[in-house]
file run-v4.txt (compact mmCIF, C-alpha atoms)
# COMPACT_ATOMS: atom_id res chain seq x y z
CA MET A 147 53.30 -104.67 93.72
CA THR A 148 50.97 -107.28 92.27
CA ILE A 149 51.94 -108.76 88.89
CA THR A 150 49.06 -110.10 86.80
CA ILE A 151 49.45 -111.97 83.51
CA THR A 152 46.86 -113.13 81.02
CA VAL A 153 46.81 -116.72 79.78
CA PHE A 154 44.52 -118.91 77.69
CA GLU A 155 41.59 -120.10 79.78
CA ARG A 156 41.76 -123.34 77.79
CA ALA A 157 45.11 -123.59 76.02
CA PHE A 158 45.28 -124.99 72.48
CA ASP A 159 48.13 -127.29 73.51
CA GLU A 160 46.18 -128.98 76.34
CA GLY A 161 48.70 -128.36 79.08
CA ARG A 162 51.93 -128.96 77.15
CA GLY A 163 53.19 -125.49 78.06
CA LEU A 164 53.61 -124.31 74.47
CA ALA A 165 51.60 -121.08 74.78
CA ARG A 166 53.74 -118.02 75.31
CA ASP A 167 52.55 -117.34 78.86
CA MET A 168 54.93 -120.17 79.76
CA ARG A 169 57.87 -117.84 78.98
CA VAL A 170 56.60 -115.23 81.40
CA ARG A 171 55.71 -117.75 84.11
CA TRP A 172 59.18 -119.27 83.79
CA ALA A 173 60.96 -115.90 83.97
CA LEU A 174 58.96 -114.90 87.04
CA GLU A 175 59.77 -118.21 88.73
CA GLU A 176 63.48 -117.77 87.93
CA VAL A 177 63.54 -114.38 89.69
CA GLY A 178 61.31 -115.52 92.55
CA GLN A 179 58.32 -113.29 91.89
CA THR A 180 54.78 -114.42 92.57
CA TYR A 181 52.07 -113.47 90.09
CA GLU A 182 48.36 -113.68 89.54
CA VAL A 183 46.74 -115.17 86.45
CA ARG A 184 43.81 -113.79 84.49
CA PRO A 185 42.52 -116.55 82.18
CA VAL A 186 41.02 -115.24 78.93
CA PRO A 187 38.31 -117.36 77.30
CA TRP A 188 38.35 -117.74 73.51
CA GLU A 189 35.47 -115.28 73.13
CA GLY A 190 37.34 -112.70 75.21
CA PHE A 191 40.29 -112.06 72.91
CA ARG A 192 38.42 -109.55 70.73
CA GLU A 193 36.72 -107.76 73.62
CA ALA A 194 37.70 -104.18 74.41
CA ALA A 195 39.09 -105.07 77.84
CA HIS A 196 41.64 -107.43 76.31
CA LEU A 197 42.45 -105.31 73.27
CA ALA A 198 43.27 -102.49 75.70
CA ARG A 199 45.97 -104.77 77.12
CA ASN A 200 47.19 -106.00 73.73
CA PRO A 201 45.99 -104.42 70.47
CA PHE A 202 46.91 -107.65 68.64
CA GLY A 203 44.53 -109.63 70.87
CA GLN A 204 47.01 -112.21 72.07
CA ILE A 205 48.31 -113.59 75.35
CA PRO A 206 50.39 -113.14 77.43
CA THR A 207 50.05 -109.63 78.79
CA TYR A 208 51.62 -108.28 81.96
CA GLU A 209 50.18 -105.78 84.40
CA GLU A 210 52.16 -104.22 87.22
CA GLY A 211 50.73 -101.04 88.76
CA ASP A 212 50.16 -98.55 85.94
CA LEU A 213 52.27 -100.51 83.47
CA THR A 214 50.69 -102.87 80.95
CA LEU A 215 52.88 -104.79 78.50
CA PHE A 216 52.29 -107.32 75.74
CA GLU A 217 54.68 -109.46 73.63
CA SER A 218 56.34 -112.27 75.55
CA GLY A 219 59.86 -111.18 74.58
CA ALA A 220 59.26 -107.68 75.90
CA ILE A 221 57.70 -108.96 79.11
CA VAL A 222 60.55 -111.37 79.79
CA PHE A 223 63.01 -108.55 79.08
CA HIS A 224 61.15 -106.27 81.50
CA VAL A 225 61.19 -108.93 84.22
CA ALA A 226 64.88 -109.57 83.56
CA GLN A 227 65.91 -105.94 83.84
CA LYS A 228 63.70 -105.29 86.90
CA PHE A 229 64.68 -108.30 89.01
CA PRO A 230 68.20 -109.79 89.28
CA GLY A 231 69.15 -113.19 87.92
CA LEU A 232 68.32 -113.28 84.22
CA LEU A 233 70.78 -110.84 82.60
CA PRO A 234 74.55 -110.53 83.07
CA ALA A 235 75.93 -107.50 84.92
CA ASP A 236 78.74 -106.97 82.40
CA ALA A 237 77.54 -104.53 79.72
CA ASP A 238 78.83 -106.46 76.69
CA ALA A 239 77.53 -109.80 77.97
CA ARG A 240 74.19 -108.14 78.71
CA ALA A 241 73.98 -106.77 75.16
CA ARG A 242 74.68 -110.26 73.79
CA ALA A 243 71.98 -111.83 75.98
CA ILE A 244 69.47 -109.27 74.71
CA MET A 245 70.71 -109.98 71.18
CA TRP A 246 69.86 -113.65 71.61
CA MET A 247 66.37 -112.73 72.80
CA PHE A 248 65.82 -110.85 69.54
CA ALA A 249 67.47 -113.66 67.56
CA ALA A 250 65.15 -116.27 69.05
CA ILE A 251 62.10 -114.23 68.11
CA GLY A 252 63.33 -112.73 64.86
CA ALA A 253 65.45 -115.48 63.30
CA VAL A 254 64.45 -118.83 64.81
CA GLU A 255 60.77 -118.57 65.71
CA PRO A 256 59.22 -117.44 62.37
CA PRO A 257 59.79 -120.65 60.37
CA ILE A 258 58.76 -122.72 63.40
CA VAL A 259 55.48 -120.82 63.70
CA ASP A 260 55.08 -121.11 59.92
CA ARG A 261 55.23 -124.88 60.30
CA ASP A 262 52.15 -124.72 62.54
CA ILE A 263 50.41 -122.60 59.90
CA VAL A 264 51.17 -125.29 57.33
CA GLU A 265 49.98 -128.01 59.68
CA TYR A 266 46.69 -126.40 60.71
CA ALA A 267 45.68 -123.60 58.31
CA GLU A 268 46.80 -125.47 55.18
CA ARG A 269 45.74 -128.98 56.14
CA ASP A 270 43.07 -129.15 53.42
CA ARG A 271 45.33 -127.96 50.58
CA ASP A 272 46.78 -130.47 48.20
CA TRP A 273 50.06 -128.57 48.31
CA GLN A 274 50.51 -129.00 52.06
CA GLY A 275 53.29 -131.54 51.49
CA GLU A 276 55.26 -129.18 49.26
CA ARG A 277 54.94 -126.43 51.85
CA PHE A 278 56.11 -128.75 54.65
CA ALA A 279 59.21 -129.56 52.60
CA MET A 280 60.00 -125.89 52.05
CA VAL A 281 59.43 -124.74 55.61
CA ASP A 282 61.21 -127.73 57.09
CA ALA A 283 64.27 -126.89 54.99
CA ARG A 284 64.22 -123.38 56.43
CA ILE A 285 63.89 -124.73 59.98
CA ARG A 286 66.73 -127.21 59.45
CA GLY A 287 68.93 -124.39 58.17
CA ARG A 288 68.27 -122.27 61.25
CA LEU A 289 68.73 -125.17 63.68
CA SER A 290 72.00 -126.16 62.02
CA GLU A 291 73.27 -122.62 62.49
CA LEU A 292 72.02 -122.48 66.06
CA ALA A 293 73.61 -125.84 66.92
CA ALA A 294 76.91 -124.69 65.42
CA SER A 295 76.79 -121.57 67.56
CA LEU A 296 75.78 -123.39 70.73
CA ALA A 297 78.49 -126.03 70.12
CA ASP A 298 79.19 -127.72 73.48
CA LYS A 299 78.21 -124.75 75.63
CA PRO A 300 75.46 -125.28 78.20
CA TRP A 301 73.70 -122.00 77.37
CA LEU A 302 73.67 -119.52 74.48
CA ASP A 303 76.24 -117.12 75.94
CA GLY A 304 77.79 -117.67 79.37
CA ASP A 305 75.38 -118.24 82.24
CA PHE A 306 71.70 -119.10 81.83
CA SER A 307 69.80 -115.95 80.90
CA ALA A 308 66.48 -114.59 79.70
CA ALA A 309 67.62 -115.47 76.18
CA ASP A 310 67.67 -119.17 77.02
CA ILE A 311 64.08 -118.92 78.28
CA ILE A 312 62.92 -117.53 74.95
CA MET A 313 65.07 -119.78 72.75
CA VAL A 314 64.21 -123.00 74.58
CA HIS A 315 60.52 -122.19 74.46
CA VAL A 316 60.72 -121.39 70.75
CA LEU A 317 62.42 -124.76 70.13
CA ARG A 318 59.93 -126.68 72.28
CA ARG A 319 57.25 -125.99 69.67
CA LEU A 320 59.03 -128.57 67.51
CA GLU A 321 58.78 -131.29 70.18
CA GLY A 322 57.09 -134.41 68.89
CA GLY A 323 57.83 -133.46 65.27
CA PRO A 324 60.34 -134.94 62.83
CA ILE A 325 63.10 -132.31 62.94
CA LEU A 326 64.29 -131.71 66.48
CA ALA A 327 65.64 -135.24 66.99
CA GLU A 328 68.16 -134.57 64.21
CA PHE A 329 69.88 -132.06 66.52
CA PRO A 330 70.92 -133.89 69.71
CA SER A 331 72.79 -130.89 71.11
CA LEU A 332 69.57 -128.87 70.91
CA THR A 333 67.44 -131.57 72.54
CA ALA A 334 70.06 -131.74 75.32
CA TYR A 335 69.90 -127.94 75.62
CA ILE A 336 66.11 -128.11 76.01
CA ALA A 337 66.42 -130.93 78.58
CA ARG A 338 68.92 -128.89 80.63
CA ALA A 339 66.47 -126.02 80.71
CA GLU A 340 63.49 -128.20 81.54
CA ALA A 341 65.40 -129.63 84.52
CA ARG A 342 65.51 -126.20 86.20
CA PRO A 343 63.23 -125.97 89.24
CA ALA A 344 61.81 -122.65 88.00
CA TYR A 345 60.82 -124.25 84.68
CA GLN A 346 59.15 -127.13 86.49
CA ARG A 347 57.16 -124.81 88.76
CA ALA A 348 56.00 -122.77 85.75
CA PHE A 349 55.10 -125.89 83.81
CA ALA A 350 53.14 -127.33 86.73
CA ALA A 351 51.20 -124.08 87.16
CA GLN A 352 50.03 -123.94 83.55
CA LEU A 353 49.22 -127.66 83.59
CA ALA A 354 47.13 -127.24 86.74
CA LEU A 355 45.12 -124.49 85.05
CA TRP A 356 44.49 -126.71 82.04
CA GLU A 357 43.39 -129.60 84.25
CA ALA A 358 41.04 -127.33 86.19
CA ASN A 359 39.44 -125.74 83.11
CA LYS A 360 39.43 -128.49 80.49
CA GLY A 361 35.89 -129.44 81.51
CA MET B 213 85.31 -95.90 69.72
CA THR B 214 84.79 -96.89 66.09
CA ILE B 215 81.47 -98.45 65.17
CA THR B 216 81.49 -100.76 62.15
CA ILE B 217 78.42 -102.36 60.59
CA THR B 218 78.10 -104.94 57.85
CA VAL B 219 75.82 -104.35 54.87
CA PHE B 220 75.11 -106.02 51.54
CA GLU B 221 77.81 -105.14 49.03
CA ARG B 222 75.06 -105.21 46.39
CA ALA B 223 71.67 -105.03 48.05
CA PHE B 224 68.79 -107.15 46.70
CA ASP B 225 66.54 -104.08 46.73
CA GLU B 226 68.79 -101.96 44.51
CA GLY B 227 69.07 -98.98 46.82
CA ARG B 228 65.48 -98.82 48.11
CA GLY B 229 66.72 -99.08 51.69
CA LEU B 230 64.78 -102.24 52.51
CA ALA B 231 67.70 -104.26 53.85
CA ARG B 232 67.91 -104.27 57.62
CA ASP B 233 71.18 -102.31 57.79
CA MET B 234 68.91 -99.32 57.11
CA ARG B 235 67.51 -99.66 60.65
CA VAL B 236 70.96 -99.47 62.19
CA ARG B 237 72.12 -96.62 59.93
CA TRP B 238 68.96 -94.69 60.82
CA ALA B 239 69.36 -95.25 64.58
CA LEU B 240 73.00 -94.16 64.45
CA GLU B 241 72.04 -91.03 62.51
CA GLU B 242 69.30 -90.23 65.04
CA VAL B 243 71.81 -90.31 67.92
CA GLY B 244 74.53 -88.53 65.95
CA GLN B 245 77.07 -91.34 65.81
CA THR B 246 79.34 -91.86 62.83
CA TYR B 247 80.04 -95.39 61.67
CA GLU B 248 82.07 -97.35 59.19
CA VAL B 249 80.61 -99.82 56.72
CA ARG B 250 81.94 -103.24 55.82
CA PRO B 251 80.19 -104.40 52.63
CA VAL B 252 79.78 -108.19 52.42
CA PRO B 253 79.64 -109.74 48.93
CA TRP B 254 77.14 -112.54 48.27
CA GLU B 255 79.88 -115.13 48.39
CA GLY B 256 81.03 -113.84 51.79
CA PHE B 257 77.96 -114.64 53.87
CA ARG B 258 78.95 -118.27 54.49
CA GLU B 259 82.62 -117.54 55.14
CA ALA B 260 84.01 -118.06 58.62
CA ALA B 261 84.79 -114.37 59.12
CA HIS B 262 81.15 -113.41 58.66
CA LEU B 263 79.68 -116.39 60.52
CA ALA B 264 81.85 -115.36 63.48
CA ARG B 265 79.95 -112.06 63.48
CA ASN B 266 76.55 -113.65 62.90
CA PRO B 267 76.02 -117.42 63.10
CA PHE B 268 72.91 -117.05 60.94
CA GLY B 269 74.99 -115.47 58.15
CA GLN B 270 72.95 -112.30 57.74
CA ILE B 271 73.49 -108.58 57.81
CA PRO B 272 73.57 -106.21 59.63
CA THR B 273 76.15 -106.83 62.30
CA TYR B 274 77.63 -104.24 64.65
CA GLU B 275 81.16 -104.06 65.98
CA GLU B 276 82.27 -101.68 68.72
CA GLY B 277 85.53 -102.50 70.48
CA ASP B 278 85.27 -106.05 71.81
CA LEU B 279 81.52 -106.21 71.32
CA THR B 280 79.99 -107.83 68.23
CA LEU B 281 76.22 -107.96 67.82
CA PHE B 282 73.80 -109.26 65.19
CA GLU B 283 70.01 -108.94 64.75
CA SER B 284 68.88 -105.47 63.76
CA GLY B 285 66.41 -105.19 66.66
CA ALA B 286 69.14 -105.95 69.18
CA ILE B 287 71.58 -103.56 67.53
CA VAL B 288 69.05 -100.71 67.46
CA PHE B 289 68.23 -101.44 71.10
CA HIS B 290 71.93 -101.34 71.99
CA VAL B 291 72.40 -98.02 70.20
CA ALA B 292 69.27 -96.65 71.90
CA GLN B 293 70.35 -97.57 75.41
CA LYS B 294 73.96 -96.44 74.86
CA PHE B 295 73.27 -93.03 73.33
CA PRO B 296 70.47 -90.63 74.34
CA GLY B 297 67.54 -89.80 72.10
CA LEU B 298 65.78 -93.02 71.15
CA LEU B 299 64.24 -94.29 74.40
CA PRO B 300 62.17 -92.41 77.00
CA ALA B 301 63.70 -91.70 80.40
CA ASP B 302 60.54 -92.68 82.29
CA ALA B 303 60.76 -96.37 83.21
CA ASP B 304 57.24 -97.36 82.17
CA ALA B 305 57.41 -95.44 78.88
CA ARG B 306 60.78 -97.05 78.20
CA ALA B 307 59.35 -100.52 78.81
CA ARG B 308 56.54 -99.75 76.37
CA ALA B 309 58.97 -98.52 73.70
CA ILE B 310 60.97 -101.74 74.04
CA MET B 311 57.68 -103.65 73.88
CA TRP B 312 56.91 -102.06 70.52
CA MET B 313 60.35 -103.08 69.22
CA PHE B 314 59.54 -106.69 70.06
CA ALA B 315 56.03 -106.29 68.65
CA ALA B 316 57.33 -104.99 65.33
CA ILE B 317 59.67 -107.96 64.98
CA GLY B 318 57.52 -110.64 66.60
CA ALA B 319 53.98 -109.72 65.56
CA VAL B 320 54.10 -107.52 62.47
CA GLU B 321 57.20 -108.52 60.52
CA PRO B 322 56.68 -112.31 60.14
CA PRO B 323 53.68 -112.23 57.76
CA ILE B 324 55.31 -109.39 55.79
CA VAL B 325 58.48 -111.41 55.30
CA ASP B 326 56.33 -114.43 54.47
CA ARG B 327 54.81 -112.41 51.64
CA ASP B 328 58.29 -112.08 50.10
CA ILE B 329 58.75 -115.82 50.43
CA VAL B 330 55.50 -116.35 48.53
CA GLU B 331 56.53 -113.82 45.90
CA TYR B 332 60.03 -115.15 45.26
CA ALA B 333 60.47 -118.71 46.60
CA GLU B 334 57.01 -119.86 45.51
CA ARG B 335 56.76 -118.06 42.19
CA ASP B 336 56.78 -121.27 40.17
CA ARG B 337 54.10 -123.02 42.21
CA ASP B 338 50.57 -123.16 40.85
CA TRP B 339 49.31 -122.49 44.39
CA GLN B 340 51.11 -119.15 44.69
CA GLY B 341 47.82 -117.27 44.35
CA GLU B 342 46.18 -119.20 47.17
CA ARG B 343 49.16 -118.51 49.39
CA PHE B 344 49.08 -114.78 48.56
CA ALA B 345 45.44 -114.68 49.61
CA MET B 346 46.18 -116.39 52.92
CA VAL B 347 49.24 -114.34 53.83
CA ASP B 348 47.64 -111.08 52.72
CA ALA B 349 44.71 -111.78 55.04
CA ARG B 350 47.15 -112.21 57.91
CA ILE B 351 48.93 -108.97 57.00
CA ARG B 352 45.66 -107.05 56.74
CA GLY B 353 44.65 -108.33 60.17
CA ARG B 354 47.88 -107.14 61.73
CA LEU B 355 47.81 -103.75 59.98
CA SER B 356 44.19 -103.19 61.04
CA GLU B 357 45.18 -103.85 64.64
CA LEU B 358 48.24 -101.64 64.34
CA ALA B 359 46.26 -98.78 62.77
CA ALA B 360 43.66 -99.03 65.55
CA SER B 361 46.41 -98.78 68.14
CA LEU B 362 48.21 -95.91 66.41
CA ALA B 363 44.89 -94.06 65.93
CA ASP B 364 45.76 -90.38 65.37
CA LYS B 365 49.00 -90.43 67.33
CA PRO B 366 52.17 -89.39 65.47
CA TRP B 367 54.26 -92.24 66.89
CA LEU B 368 53.60 -95.59 68.54
CA ASP B 369 53.83 -94.39 72.14
CA GLY B 370 54.66 -90.78 73.01
CA ASP B 371 57.76 -89.32 71.37
CA PHE B 372 59.54 -90.86 68.39
CA SER B 373 61.61 -93.81 69.62
CA ALA B 374 63.68 -96.79 68.54
CA ALA B 375 60.39 -98.67 68.19
CA ASP B 376 59.27 -96.36 65.39
CA ILE B 377 62.51 -97.06 63.53
CA ILE B 378 61.85 -100.78 63.58
CA MET B 379 58.10 -100.58 62.91
CA VAL B 380 58.39 -98.11 60.03
CA HIS B 381 61.09 -100.16 58.40
CA VAL B 382 59.06 -103.34 58.78
CA LEU B 383 56.08 -101.63 57.10
CA ARG B 384 58.20 -100.18 54.29
CA ARG B 385 58.69 -103.69 52.95
CA LEU B 386 55.07 -103.47 51.77
CA GLU B 387 55.69 -100.29 49.75
CA GLY B 388 54.66 -100.69 46.15
CA GLY B 389 52.37 -103.61 46.96
CA PRO B 390 48.57 -103.77 47.11
CA ILE B 391 47.96 -103.65 50.87
CA LEU B 392 49.60 -100.61 52.41
CA ALA B 393 47.47 -98.08 50.53
CA GLU B 394 44.40 -99.46 52.31
CA PHE B 395 45.76 -98.00 55.55
CA PRO B 396 46.23 -94.25 55.09
CA SER B 397 47.16 -93.65 58.72
CA LEU B 398 50.03 -96.08 58.33
CA THR B 399 51.27 -94.55 55.07
CA ALA B 400 51.16 -91.15 56.82
CA TYR B 401 53.11 -92.65 59.72
CA ILE B 402 55.77 -93.91 57.31
CA ALA B 403 55.90 -90.52 55.57
CA ARG B 404 56.39 -88.72 58.90
CA ALA B 405 59.30 -90.98 59.67
CA GLU B 406 60.84 -90.65 56.20
CA ALA B 407 60.77 -86.86 56.58
CA ARG B 408 63.21 -87.00 59.49
CA PRO B 409 66.68 -85.73 58.57
CA ALA B 410 68.31 -88.75 60.19
CA TYR B 411 66.24 -91.09 58.00
CA GLN B 412 67.21 -89.14 54.91
CA ARG B 413 70.92 -89.24 55.73
CA ALA B 414 70.73 -92.99 56.33
CA PHE B 415 68.79 -93.55 53.13
CA ALA B 416 71.25 -91.47 51.09
CA ALA B 417 74.19 -93.42 52.51
CA GLN B 418 72.82 -96.83 51.54
CA LEU B 419 71.78 -95.51 48.13
CA ALA B 420 75.26 -94.13 47.49
CA LEU B 421 76.77 -97.53 48.27
CA TRP B 422 74.37 -99.20 45.83
CA GLU B 423 75.19 -96.68 43.11
CA ALA B 424 78.93 -97.18 43.66
CA ASN B 425 78.78 -100.99 43.61
CA LYS B 426 76.02 -101.86 41.19
CA GLY B 427 78.55 -102.23 38.42
call {"tool": "encode", "arguments": {"input": "run-v4.txt", "output": "structure tokens"}}
result
Amino acid sequence: MTITITVFERAFDEGRGLARDMRVRWALEEVGQTYEVRPVPWEGFREAAHLARNPFGQIPTYEEGDLTLFESGAIVFHVAQKFPGLLPADADARARAIMWMFAAIGAVEPPIVDRDIVEYAERDRDWQGERFAMVDARIRGRLSELAASLADKPWLDGDFSAADIIMVHVLRRLEGGPILAEFPSLTAYIARAEARPAYQRAFAAQLALWEANKG
Amino acid sequence: MTITITVFERAFDEGRGLARDMRVRWALEEVGQTYEVRPVPWEGFREAAHLARNPFGQIPTYEEGDLTLFESGAIVFHVAQKFPGLLPADADARARAIMWMFAAIGAVEPPIVDRDIVEYAERDRDWQGERFAMVDARIRGRLSELAASLADKPWLDGDFSAADIIMVHVLRRLEGGPILAEFPSLTAYIARAEARPAYQRAFAAQLALWEANKG
């Protein structure tokens, strides 16, 4: 069964692995599944062929036989429940891992994405500084809570799981900014994840595509 | 097995059913499970007992034996996979229903929540109007895409599912505002959902708690 995912033909982050296809690549590498890549050019996101895969016109999407999925969290969940290695067998532990997937996307990611909106969409507004202060306070609140919950554990809940893929990738969007360094347990958590061979293979694959297509 | 959920002791929305416990109440009503309610007062959200249930200090939470969950999407998913009625049996259809749960929370809800931030946290800023214009454009984009995908179907994908619970509740947060009425297929979708007996029982239960506690 061939798995095909869509990715940016030329990613906005220039090979830093911040686009959400990285989550799917990483999950597939963790479970040892090969996949094909369909790069979507900027002008292709609003074309019917892509909107049929994702009505919101975003990447990544996932095709496997007759099944087409969008939303990185849903794709990673599908991969994790189809192939062994990314969700605990115990029912309660499995429910908690899925909970952390939703928490990463529903509680941690929104203010982090909002920070990018402030940085790029509001760069010409004279109130950009006030907005940065407000959104950074929200991010710091969430990261404080997350760090308290992670404490000295290596992963969010027991063994490494699909939830750590999503959470680490959500946090990586803050790399290079002023906030993440205030939370050494979270930077160590990211570093642990980035040291995984599956992460490194996924990162190398998206970087190779950027190098090939950057022109 | 007793199920216990946490809810606002005195909800910010004054009984309109906009707090996220409504999603869990509704899901439990759809699958015919009774539950107990633990109201949390405003001063209780930062207490250790509640942070042990949810490190982000929010409601709802869900307790069932030794299992404690937070995040409404994760709780509704847990209810839907534990009890029949809210997820399709067919594997591909099930994956798509779960996809729509993630899409509601990851793609549709963030700009809608951001609108509340503009309305309340930014009410004293002289740039509030500019922010409303920007966030409303994002919301209209998402709702246009959602309406195109829903087309003339009654529910997001096949039969009513856990995804419709989350999506309808996300959209309800726009009720009474200027945007939703521009999308008649979405207001009809919400009305179809609100006509379900399980929705009405859940709504009545949260309203009764508000009436009892409003003081």
call {"tool": "atom_distance", "arguments": {"input": "run-v4.txt", "atom1": "atom CA of B:Pro396", "atom2": "atom CA of B:Leu298"}}
result
25.3 Å
call {"tool": "atom_distance", "arguments": {"input": "run-v4.txt", "atom1": "atom CA of A:Ser295", "atom2": "atom CA of B:Pro267"}}
result
6.1 Å
call {"tool": "residues_near_point", "arguments": {"input": "run-v4.txt", "point": "(49.5, -115.5, 45.5)", "cutoff": "9 Å", "atoms": "all atoms listed in the file", "output": "PyMOL selection string"}}
result
chain B and resi 327+330-331+334-335+339-348
call {"tool": "closest_residue", "arguments": {"input": "run-v4.txt", "among": "B:Ile287, B:Leu398, B:Val382, B:Ala416", "to": "chain A", "atoms": "all atoms listed in the file"}}
result
B:Ile287
call {"tool": "closest_residue", "arguments": {"input": "run-v4.txt", "among": "A:Ala337, A:Leu326, A:Ile251, A:Ala241", "to": "A:Trp301", "atoms": "all atoms listed in the file"}}
result
A:Ala337
